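J.: Below you'll find the structure I mean.
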Amino acid sequence: MSEPAPATAHGAPIELENLTKRYPGSPQPAVDNVNMEIKAGETVVFVGPSGCGKSTTLKMINRLIEPTGGRIRIGGEDVTDIDPVRLRRKVGYAIQSSGLFPHMTVAQNIALVPRMTGWPKKRVAERVEEMLDLVGLDPGEFHGRYPRQLSGGQQQRVGVARALAADPPVLLMDEPFGAVDPITRDHLQDELIRLQFELHKTIVFVTHDFDEAIKLGDRIAVLRERSHIAQFDTPEAILTNPADDFVSGFVGAGAALKRLNLSRVRDVEMREYPTVTVDTPLQQIFGLLRAGGTNEILLLDRRRRPYKWLRRGDLMRARGSLARAGTLVHDTVTRDATLRDALEAVLTDNAGRVAVTGRRGEYIGVVDMETLMNSVHELLEADRLDALEHQHDLEEARAQQTHFEQEGEATERKA
């Protein structure tokens with residue numbers, strides 16, 4: 001019986017060479033001669049209009065759709081001619097609506113590929129626990145549940161855990177978060193960013209949402225019809241220097257604000273807020289408010305998760321019970337959330353701040369409006385300087401061209 005791959009396997013490079021897909025009876029190929037190199041450990045996002053061939057291109061990488069022509073190399077190995085079933089066991093795959101088998105428990109779904117590849121039972125069981133913990137689900141609580149007993153976001157987390165269970169170097173994701181609500185989608189995106197920060201897999205991700213592409217991608221491939229590449233570059237380069245009007249249409253207005261998707265909450269300074277737990281005596285809470293020079297403290301639950309914002313007036317009305325005091329914490333962001341996510345959360349909060357949480361929802365700190373507005377001003381100033389530099393380069397180029405033309409005219413006159 002074969003031993004499992006080591007749990008520390010990182011990403012592998014992917015090369016697409018003249019990759020083409022033609023369907024019988026269609027005058028044009030669905031995907032036409034795509035050439036692309038994806039580096040090991042990076043996240044590349046395919047974005048483009050509906051029907052442009054981005055999902056078809058993705059599915060040819062693990063040969064769920066067989067190419068008509070061209071080559072695919074993963075880690076230097078040409079996988080075009082190997083057994084497609086063996087290939088798919090080496091490439092993780094996550095889709096919209098999770099694709100979990102409804103008759104299998106969460107544990108059975110996650111264990112599927114490791115069992116098929118011959119992992120020992122003990123290692124499979126350990127891996128299931130490990131993967132549930134990795135995607136932020138309590139193994140004891142979710143191990144025996146069925147997909148119908150999970151929320152949409154929980155199903156997607158299990159889908160990602162299943163795709164990663166056999167420790168593949170490559171993870172393909174076809175609009176995996178497209179079927180969940182916007183708040184859950186933001187949290188799932190943050191979770192993927194955290195996972196990639198830990199695992200360094202090679203991820204190819206398909207979306208029609210350019211903001212999602214900016215948030216997740218190390219590089220973005222903006223695709224035209226038949227998967228022709230309009231621009232393949234970093235989010236920063238595409239936002240500041242779109243290749244043409246087609247790409248500009250995806251960027252849209254507010255490029256400076258979109259760049260807030262490129263910075264994470266972990267990159268800015270968080271404020272330390274005074275905190276208490278639900279077990280803290282009221283007199284001690286009063287003392288903290290008086291001593292701390294603040295009008296507000298954060299009440300945490302017994303697992304140190306943000307629960308309520310408490311003000312002095314709330315405590316005066318509490319009459320000996322925290323149950324009637326304060327305002328429930330409706331929104332939090334993680335360290336891996338973007339500054340744009342944090343700004344949206346802060347703007348919807350009357351007090352202009354949002355609590356930052358860790359992997360298990362535990363409190364870490366607070367980000368406020370002042371910190372975020374300073375970041376916005378820095379980005380706007382950077383954009384202004386870039387525009388000035390670009391204008392200066394254009395003027396220099398024009399001046400040089402004029403100089404060459406004048407020299408040419410002078411030479412002609414002498415002749």
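If you're wondering about the labels, chains in the structure tokens are A, B, ... by order shown, residues count from 1 in each chain, ligands from 1 in order shown.
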Write down as a CSV table (one decimal) with N, CA, C and O atoms, in the first residue's frame the residues of segment 129-324 of chain A whose backbone DSSP state falls under alpha helix (DSSP H).
T.:
chain,number,residue,atom,x,y,z
A,129,GLU,N,-9.2,15.2,10.1
A,129,GLU,CA,-9.2,16.2,11.2
A,129,GLU,C,-8.4,17.4,10.9
A,129,GLU,O,-8.8,18.5,11.2
A,130,GLU,N,-7.2,17.2,10.3
A,130,GLU,CA,-6.3,18.2,10.0
A,130,GLU,C,-6.9,19.2,9.0
A,130,GLU,O,-6.8,20.5,9.2
A,131,MET,N,-7.7,18.7,8.0
A,131,MET,CA,-8.2,19.6,7.0
A,131,MET,C,-9.4,20.4,7.5
A,131,MET,O,-9.6,21.5,7.2
A,132,LEU,N,-10.2,19.8,8.4
A,132,LEU,CA,-11.3,20.5,9.0
A,132,LEU,C,-10.8,21.6,9.8
A,132,LEU,O,-11.3,22.8,9.8
A,133,ASP,N,-9.8,21.4,10.6
A,133,ASP,CA,-9.2,22.4,11.4
A,133,ASP,C,-8.6,23.5,10.5
A,133,ASP,O,-8.7,24.7,10.8
A,134,LEU,N,-8.0,23.1,9.4
A,134,LEU,CA,-7.4,24.1,8.5
A,134,LEU,C,-8.4,25.1,7.9
A,134,LEU,O,-8.1,26.2,7.7
A,139,PRO,N,-13.6,19.8,14.1
A,139,PRO,CA,-13.7,18.4,13.7
A,139,PRO,C,-14.8,17.7,14.5
A,139,PRO,O,-15.6,16.9,13.9
A,140,GLY,N,-14.8,17.9,15.8
A,140,GLY,CA,-15.8,17.2,16.6
A,140,GLY,C,-17.2,17.6,16.3
A,140,GLY,O,-18.1,16.7,16.4
A,141,GLU,N,-17.4,18.8,15.8
A,141,GLU,CA,-18.8,19.2,15.5
A,141,GLU,C,-19.2,18.8,14.1
A,141,GLU,O,-20.4,18.5,13.8
A,142,PHE,N,-18.3,18.8,13.1
A,142,PHE,CA,-18.7,18.7,11.7
A,142,PHE,C,-18.4,17.3,11.1
A,142,PHE,O,-18.8,17.0,10.0
A,152,GLY,N,-24.3,27.3,3.3
A,152,GLY,CA,-23.6,27.4,2.1
A,152,GLY,C,-22.1,27.6,2.3
A,152,GLY,O,-21.3,27.0,1.6
A,153,GLY,N,-21.8,28.5,3.2
A,153,GLY,CA,-20.4,28.8,3.4
A,153,GLY,C,-19.7,27.6,4.0
A,153,GLY,O,-18.5,27.4,3.7
A,154,GLN,N,-20.3,26.9,4.9
A,154,GLN,CA,-19.7,25.7,5.5
A,154,GLN,C,-19.5,24.6,4.4
A,154,GLN,O,-18.4,23.9,4.4
A,155,GLN,N,-20.4,24.5,3.5
A,155,GLN,CA,-20.3,23.5,2.4
A,155,GLN,C,-19.1,23.9,1.5
A,155,GLN,O,-18.3,23.0,1.1
A,156,GLN,N,-18.9,25.2,1.3
A,156,GLN,CA,-17.8,25.6,0.4
A,156,GLN,C,-16.4,25.3,1.1
A,156,GLN,O,-15.5,24.9,0.5
A,157,ARG,N,-16.4,25.5,2.5
A,157,ARG,CA,-15.2,25.2,3.2
A,157,ARG,C,-14.8,23.7,3.1
A,157,ARG,O,-13.7,23.3,3.0
A,158,VAL,N,-15.9,22.9,3.3
A,158,VAL,CA,-15.7,21.4,3.1
A,158,VAL,C,-15.2,21.1,1.7
A,158,VAL,O,-14.3,20.2,1.5
A,159,GLY,N,-15.8,21.8,0.7
A,159,GLY,CA,-15.4,21.5,-0.7
A,159,GLY,C,-13.9,21.9,-0.9
A,159,GLY,O,-13.2,21.1,-1.6
A,160,VAL,N,-13.4,23.0,-0.3
A,160,VAL,CA,-12.0,23.3,-0.4
A,160,VAL,C,-11.2,22.3,0.4
A,160,VAL,O,-10.1,21.9,-0.1
A,161,ALA,N,-11.6,21.9,1.6
A,161,ALA,CA,-10.9,20.8,2.3
A,161,ALA,C,-10.8,19.6,1.5
A,161,ALA,O,-9.7,18.9,1.5
A,162,ARG,N,-11.8,19.2,0.9
A,162,ARG,CA,-11.8,17.9,0.1
A,162,ARG,C,-10.8,18.1,-1.1
A,162,ARG,O,-10.0,17.2,-1.4
A,163,ALA,N,-10.8,19.3,-1.7
A,163,ALA,CA,-9.9,19.5,-2.9
A,163,ALA,C,-8.4,19.5,-2.4
A,163,ALA,O,-7.5,19.1,-3.2
A,164,LEU,N,-8.2,19.8,-1.2
A,164,LEU,CA,-6.8,19.9,-0.7
A,164,LEU,C,-6.4,18.6,0.1
A,164,LEU,O,-5.2,18.5,0.5
A,182,PRO,N,-23.1,37.8,-0.3
A,182,PRO,CA,-21.8,38.6,-0.3
A,182,PRO,C,-21.0,38.6,1.0
A,182,PRO,O,-19.8,38.6,0.9
A,183,ILE,N,-21.6,38.6,2.1
A,183,ILE,CA,-20.9,38.6,3.4
A,183,ILE,C,-20.1,37.2,3.5
A,183,ILE,O,-18.9,37.2,3.8
A,184,THR,N,-20.8,36.1,3.3
A,184,THR,CA,-20.1,34.8,3.3
A,184,THR,C,-19.0,34.7,2.3
A,184,THR,O,-17.9,34.2,2.5
A,185,ARG,N,-19.3,35.3,1.1
A,185,ARG,CA,-18.3,35.3,0.1
A,185,ARG,C,-17.0,36.0,0.5
A,185,ARG,O,-15.9,35.5,0.3
A,186,ASP,N,-17.2,37.2,1.1
A,186,ASP,CA,-16.0,37.9,1.6
A,186,ASP,C,-15.2,37.1,2.6
A,186,ASP,O,-14.0,37.0,2.6
A,187,HIS,N,-15.9,36.4,3.5
A,187,HIS,CA,-15.2,35.6,4.5
A,187,HIS,C,-14.5,34.4,3.9
A,187,HIS,O,-13.4,34.0,4.3
A,188,LEU,N,-15.1,33.8,2.9
A,188,LEU,CA,-14.5,32.7,2.2
A,188,LEU,C,-13.3,33.1,1.4
A,188,LEU,O,-12.2,32.4,1.4
A,189,GLN,N,-13.3,34.3,0.8
A,189,GLN,CA,-12.2,34.8,0.1
A,189,GLN,C,-11.0,35.1,1.1
A,189,GLN,O,-9.9,34.7,0.8
A,190,ASP,N,-11.3,35.6,2.3
A,190,ASP,CA,-10.3,35.8,3.3
A,190,ASP,C,-9.7,34.5,3.7
A,190,ASP,O,-8.5,34.4,4.0
A,191,GLU,N,-10.6,33.5,3.9
A,191,GLU,CA,-10.1,32.2,4.3
A,191,GLU,C,-9.1,31.6,3.2
A,191,GLU,O,-8.1,31.0,3.6
A,192,LEU,N,-9.5,31.8,2.0
A,192,LEU,CA,-8.6,31.3,0.9
A,192,LEU,C,-7.2,32.0,0.9
A,192,LEU,O,-6.2,31.3,0.8
A,193,ILE,N,-7.3,33.3,1.2
A,193,ILE,CA,-6.0,34.0,1.3
A,193,ILE,C,-5.2,33.5,2.4
A,193,ILE,O,-3.9,33.3,2.3
A,194,ARG,N,-5.8,33.2,3.6
A,194,ARG,CA,-5.1,32.7,4.7
A,194,ARG,C,-4.5,31.3,4.4
A,194,ARG,O,-3.4,31.0,4.7
A,195,LEU,N,-5.3,30.5,3.8
A,195,LEU,CA,-4.9,29.1,3.4
A,195,LEU,C,-3.7,29.2,2.5
A,195,LEU,O,-2.7,28.5,2.7
A,196,GLN,N,-3.7,30.1,1.5
A,196,GLN,CA,-2.6,30.1,0.5
A,196,GLN,C,-1.4,30.7,1.2
A,196,GLN,O,-0.3,30.3,0.9
A,197,PHE,N,-1.6,31.6,2.1
A,197,PHE,CA,-0.4,32.1,2.9
A,197,PHE,C,0.3,31.0,3.6
A,197,PHE,O,1.5,31.0,3.8
A,198,GLU,N,-0.5,30.0,4.1
A,198,GLU,CA,0.1,28.9,4.8
A,198,GLU,C,0.6,27.8,3.9
A,198,GLU,O,1.7,27.1,4.2
A,199,LEU,N,-0.1,27.5,2.8
A,199,LEU,CA,0.2,26.3,2.0
A,199,LEU,C,1.0,26.5,0.7
A,199,LEU,O,1.7,25.6,0.3
A,210,PHE,N,-14.3,41.2,-11.2
A,210,PHE,CA,-13.0,41.8,-11.2
A,210,PHE,C,-12.5,42.1,-9.8
A,210,PHE,O,-11.3,42.0,-9.6
A,211,ASP,N,-13.4,42.6,-9.0
A,211,ASP,CA,-13.0,42.9,-7.6
A,211,ASP,C,-12.5,41.7,-6.9
A,211,ASP,O,-11.5,41.7,-6.1
A,212,GLU,N,-13.1,40.5,-7.1
A,212,GLU,CA,-12.6,39.3,-6.5
A,212,GLU,C,-11.3,38.9,-7.1
A,212,GLU,O,-10.4,38.4,-6.4
A,213,ALA,N,-11.1,39.1,-8.4
A,213,ALA,CA,-9.8,38.9,-9.0
A,213,ALA,C,-8.7,39.7,-8.4
A,213,ALA,O,-7.6,39.2,-8.1
A,214,ILE,N,-9.0,41.0,-8.2
A,214,ILE,CA,-8.0,41.9,-7.6
A,214,ILE,C,-7.6,41.4,-6.2
A,214,ILE,O,-6.4,41.4,-5.8
A,215,LYS,N,-8.6,41.0,-5.5
A,215,LYS,CA,-8.4,40.6,-4.1
A,215,LYS,C,-7.6,39.3,-3.9
A,215,LYS,O,-6.7,39.2,-3.0
A,216,LEU,N,-7.8,38.4,-4.8
A,216,LEU,CA,-7.2,37.1,-4.6
A,216,LEU,C,-6.0,36.8,-5.5
A,216,LEU,O,-5.1,36.1,-5.1
A,235,PRO,N,-2.2,42.6,-10.3
A,235,PRO,CA,-3.4,43.5,-10.1
A,235,PRO,C,-3.0,45.0,-10.1
A,235,PRO,O,-3.6,45.8,-10.7
A,236,GLU,N,-1.8,45.3,-9.5
A,236,GLU,CA,-1.3,46.7,-9.5
A,236,GLU,C,-1.1,47.2,-10.9
A,236,GLU,O,-1.5,48.3,-11.2
A,237,ALA,N,-0.5,46.4,-11.7
A,237,ALA,CA,-0.2,46.8,-13.1
A,237,ALA,C,-1.4,47.0,-13.9
A,237,ALA,O,-1.5,48.0,-14.7
A,238,ILE,N,-2.4,46.1,-13.8
A,238,ILE,CA,-3.6,46.2,-14.5
A,238,ILE,C,-4.4,47.4,-14.1
A,238,ILE,O,-5.0,48.2,-14.9
A,239,LEU,N,-4.5,47.7,-12.8
A,239,LEU,CA,-5.2,48.9,-12.3
A,239,LEU,C,-4.6,50.2,-12.7
A,239,LEU,O,-5.3,51.1,-13.0
A,240,THR,N,-3.3,50.3,-12.7
A,240,THR,CA,-2.6,51.5,-13.0
A,240,THR,C,-2.3,51.7,-14.5
A,240,THR,O,-2.1,52.8,-15.0
A,245,ASP,N,-8.7,49.4,-24.1
A,245,ASP,CA,-10.1,49.8,-23.6
A,245,ASP,C,-10.8,48.6,-23.1
A,245,ASP,O,-11.7,48.8,-22.2
A,246,PHE,N,-10.6,47.4,-23.7
A,246,PHE,CA,-11.3,46.2,-23.2
A,246,PHE,C,-10.9,46.0,-21.7
A,246,PHE,O,-11.8,45.7,-20.9
A,247,VAL,N,-9.6,46.1,-21.4
A,247,VAL,CA,-9.2,45.9,-20.0
A,247,VAL,C,-9.7,47.0,-19.1
A,247,VAL,O,-10.1,46.8,-18.0
A,248,SER,N,-9.7,48.2,-19.6
A,248,SER,CA,-10.2,49.4,-18.9
A,248,SER,C,-11.6,49.2,-18.5
A,248,SER,O,-12.0,49.6,-17.4
A,249,GLY,N,-12.4,48.5,-19.4
A,249,GLY,CA,-13.8,48.3,-19.1
A,249,GLY,C,-13.9,47.4,-17.8
A,249,GLY,O,-14.9,47.5,-17.1
A,250,PHE,N,-13.0,46.4,-17.6
A,250,PHE,CA,-13.1,45.6,-16.5
A,250,PHE,C,-12.6,46.3,-15.2
A,250,PHE,O,-13.2,46.2,-14.1
A,251,VAL,N,-11.6,47.2,-15.4
A,251,VAL,CA,-11.2,48.0,-14.2
A,251,VAL,C,-12.3,48.9,-13.7
A,251,VAL,O,-12.5,49.0,-12.5
A,255,ALA,N,-10.3,53.4,-9.6
A,255,ALA,CA,-9.1,52.5,-9.6
A,255,ALA,C,-8.4,52.6,-8.2
A,255,ALA,O,-7.9,51.6,-7.7
A,256,ALA,N,-8.3,53.8,-7.7
A,256,ALA,CA,-7.6,54.0,-6.4
A,256,ALA,C,-8.3,53.3,-5.3
A,256,ALA,O,-7.6,52.7,-4.5
A,257,LEU,N,-9.6,53.4,-5.3
A,257,LEU,CA,-10.3,52.6,-4.2
A,257,LEU,C,-10.2,51.1,-4.4
A,257,LEU,O,-10.1,50.4,-3.5
A,258,LYS,N,-10.2,50.7,-5.7
A,258,LYS,CA,-10.0,49.2,-6.0
A,258,LYS,C,-8.7,48.7,-5.4
A,258,LYS,O,-8.6,47.6,-5.0
A,282,LEU,N,-19.4,43.6,37.0
A,282,LEU,CA,-19.8,44.9,36.5
A,282,LEU,C,-18.9,46.0,37.1
A,282,LEU,O,-18.6,47.0,36.4
A,283,GLN,N,-18.6,45.9,38.4
A,283,GLN,CA,-17.8,46.9,39.1
A,283,GLN,C,-16.4,47.0,38.4
A,283,GLN,O,-15.9,48.1,38.3
A,284,GLN,N,-15.9,45.9,38.0
A,284,GLN,CA,-14.5,45.9,37.3
A,284,GLN,C,-14.7,46.6,36.0
A,284,GLN,O,-13.8,47.3,35.5
A,285,ILE,N,-15.8,46.3,35.3
A,285,ILE,CA,-16.0,47.0,34.0
A,285,ILE,C,-16.1,48.5,34.1
A,285,ILE,O,-15.5,49.3,33.4
A,286,PHE,N,-16.8,49.0,35.2
A,286,PHE,CA,-16.9,50.4,35.5
A,286,PHE,C,-15.5,50.9,35.7
A,286,PHE,O,-15.2,52.0,35.2
A,287,GLY,N,-14.7,50.2,36.5
A,287,GLY,CA,-13.4,50.7,36.8
A,287,GLY,C,-12.5,50.8,35.5
A,287,GLY,O,-11.7,51.8,35.4
A,288,LEU,N,-12.6,49.9,34.6
A,288,LEU,CA,-11.9,49.9,33.4
A,288,LEU,C,-12.3,51.2,32.5
A,288,LEU,O,-11.4,51.8,32.0
A,289,LEU,N,-13.6,51.4,32.5
A,289,LEU,CA,-14.0,52.6,31.7
A,289,LEU,C,-13.5,53.9,32.4
A,289,LEU,O,-13.1,54.8,31.6
A,290,ARG,N,-13.5,54.0,33.7
A,290,ARG,CA,-13.0,55.2,34.3
A,290,ARG,C,-11.5,55.3,34.2
A,290,ARG,O,-11.0,56.4,33.9
A,291,ALA,N,-10.8,54.2,34.3
A,291,ALA,CA,-9.3,54.3,34.3
A,291,ALA,C,-8.7,54.4,32.9
A,291,ALA,O,-7.7,54.9,32.7
A,292,GLY,N,-9.4,53.8,31.9
A,292,GLY,CA,-8.9,53.8,30.6
A,292,GLY,C,-9.0,55.0,29.7
A,292,GLY,O,-8.5,55.1,28.6
A,312,ARG,N,-20.5,53.7,28.6
A,312,ARG,CA,-20.8,54.0,30.0
A,312,ARG,C,-22.3,54.1,30.2
A,312,ARG,O,-22.8,53.6,31.2
A,313,GLY,N,-23.0,54.8,29.3
A,313,GLY,CA,-24.4,54.9,29.4
A,313,GLY,C,-25.1,53.5,29.4
A,313,GLY,O,-26.1,53.3,30.1
A,314,ASP,N,-24.6,52.6,28.6
A,314,ASP,CA,-25.2,51.2,28.6
A,314,ASP,C,-25.1,50.6,29.9
A,314,ASP,O,-26.0,49.9,30.4
A,315,LEU,N,-24.0,50.8,30.6
A,315,LEU,CA,-23.8,50.1,31.9
A,315,LEU,C,-24.7,50.7,33.0
A,315,LEU,O,-25.1,50.0,33.9
A,316,MET,N,-24.9,52.0,32.8
A,316,MET,CA,-25.8,52.7,33.8
A,316,MET,C,-27.2,52.1,33.7
A,316,MET,O,-27.9,52.0,34.7
A,317,ARG,N,-27.6,51.7,32.4
A,317,ARG,CA,-28.9,51.2,32.2
A,317,ARG,C,-29.0,49.6,32.4
A,317,ARG,O,-30.0,49.0,32.4
A,318,ALA,N,-27.8,49.0,32.6
A,318,ALA,CA,-27.7,47.5,32.7
A,318,ALA,C,-28.4,47.0,33.9
A,318,ALA,O,-29.0,45.9,33.9
J.: If we count only C-alpha atoms and set the cut-off at 12 Å, which residues sit around segment 64-77 of chain A, ignoring sequence neighbours fewer than 3 positions away in its own chain? Please answer as an mmCIF file with C-alpha atoms, in the first residue's frame.
T.:
data_model
loop_
_atom_site.group_PDB
_atom_site.id
_atom_site.type_symbol
_atom_site.label_atom_id
_atom_site.label_comp_id
_atom_site.auth_asym_id
_atom_site.auth_seq_id
_atom_site.Cartn_x
_atom_site.Cartn_y
_atom_site.Cartn_z
ATOM 1 C CA HIS A 10 3.951 23.145 -2.197
ATOM 2 C CA GLY A 11 2.843 24.300 -5.625
ATOM 3 C CA ALA A 12 4.089 23.230 -9.042
ATOM 4 C CA PRO A 13 4.475 25.380 -12.176
ATOM 5 C CA ILE A 14 1.901 25.020 -14.958
ATOM 6 C CA GLU A 15 2.621 25.599 -18.636
ATOM 7 C CA LEU A 16 -0.069 25.869 -21.304
ATOM 8 C CA GLU A 17 1.302 25.623 -24.830
ATOM 9 C CA ASN A 18 -0.963 26.364 -27.808
ATOM 10 C CA LEU A 19 -3.898 24.969 -25.829
ATOM 11 C CA THR A 20 -6.971 24.695 -28.060
ATOM 12 C CA LYS A 21 -10.491 23.313 -27.823
ATOM 13 C CA ARG A 22 -12.792 22.857 -30.814
ATOM 14 C CA TYR A 23 -16.302 21.448 -30.573
ATOM 15 C CA PRO A 24 -17.774 19.563 -33.545
ATOM 16 C CA PRO A 29 -12.738 27.187 -31.421
ATOM 17 C CA ALA A 30 -14.011 27.673 -27.855
ATOM 18 C CA VAL A 31 -10.404 28.165 -26.749
ATOM 19 C CA ASP A 32 -7.847 29.237 -29.324
ATOM 20 C CA ASN A 33 -4.113 28.677 -28.992
ATOM 21 C CA VAL A 34 -3.577 29.755 -25.363
ATOM 22 C CA ASN A 35 0.005 30.094 -24.145
ATOM 23 C CA MET A 36 0.642 30.779 -20.468
ATOM 24 C CA GLU A 37 3.200 30.102 -17.755
ATOM 25 C CA ILE A 38 1.980 29.977 -14.149
ATOM 26 C CA LYS A 39 4.628 30.018 -11.433
ATOM 27 C CA ALA A 40 4.774 27.512 -8.607
ATOM 28 C CA GLY A 41 2.895 28.740 -5.547
ATOM 29 C CA GLY A 53 -13.740 30.224 -22.505
ATOM 30 C CA SER A 55 -13.895 27.742 -17.441
ATOM 31 C CA THR A 56 -13.125 25.598 -20.482
ATOM 32 C CA THR A 57 -9.452 26.563 -20.221
ATOM 33 C CA LEU A 58 -9.445 25.728 -16.511
ATOM 34 C CA LYS A 59 -11.070 22.323 -17.042
ATOM 35 C CA MET A 60 -8.541 21.385 -19.703
ATOM 36 C CA ILE A 61 -5.766 21.670 -17.103
ATOM 37 C CA THR A 80 -1.617 15.674 -21.990
ATOM 38 C CA ASP A 81 -1.212 11.966 -22.637
ATOM 39 C CA ILE A 82 -1.271 10.434 -19.142
ATOM 40 C CA ASP A 83 -4.322 8.733 -17.609
ATOM 41 C CA PRO A 84 -6.813 11.559 -16.865
ATOM 42 C CA VAL A 85 -8.129 9.844 -13.712
ATOM 43 C CA ARG A 86 -4.611 9.676 -12.261
ATOM 44 C CA LEU A 87 -4.111 13.334 -13.203
ATOM 45 C CA ARG A 88 -7.281 14.442 -11.415
ATOM 46 C CA ARG A 89 -6.158 12.745 -8.224
ATOM 47 C CA LYS A 90 -3.048 14.974 -8.319
ATOM 48 C CA VAL A 91 -4.965 18.196 -8.969
ATOM 49 C CA TYR A 93 -10.725 20.879 -7.868
ATOM 50 C CA PRO A 168 -2.052 18.269 -4.413
ATOM 51 C CA PRO A 169 0.438 20.844 -5.690
ATOM 52 C CA VAL A 170 -2.268 22.428 -7.888
ATOM 53 C CA LEU A 171 -5.752 23.642 -6.952
ATOM 54 C CA LEU A 172 -8.284 24.589 -9.654
ATOM 55 C CA THR A 202 -0.479 26.818 -7.262
#
J.: Please extract the residues of segment 177-272 of chain A with a backbone DSSP assignment of strand (DSSP E) and present them as a count of residues only.
T.: 16
J.: Using atom CA of Asp368 of chain A and atom CA of Glu381 of chain A as the two end points, give the distance in Å to one decimal.
T.: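 For atom CA of Asp368 of chain A relative to atom CA of Glu381 of chain A, the distance reads 20.5 Å.
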J.: Between A:Met373, A:Ala94, A:Leu260, A:Ala345, which has the minimum distance to Asp331 of chain A (counting only C-alpha atoms)?
T.: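 Among A:Met373, A:Ala94, A:Leu260, A:Ala345, it is A:Ala345 that comes nearest to Asp331 of chain A.
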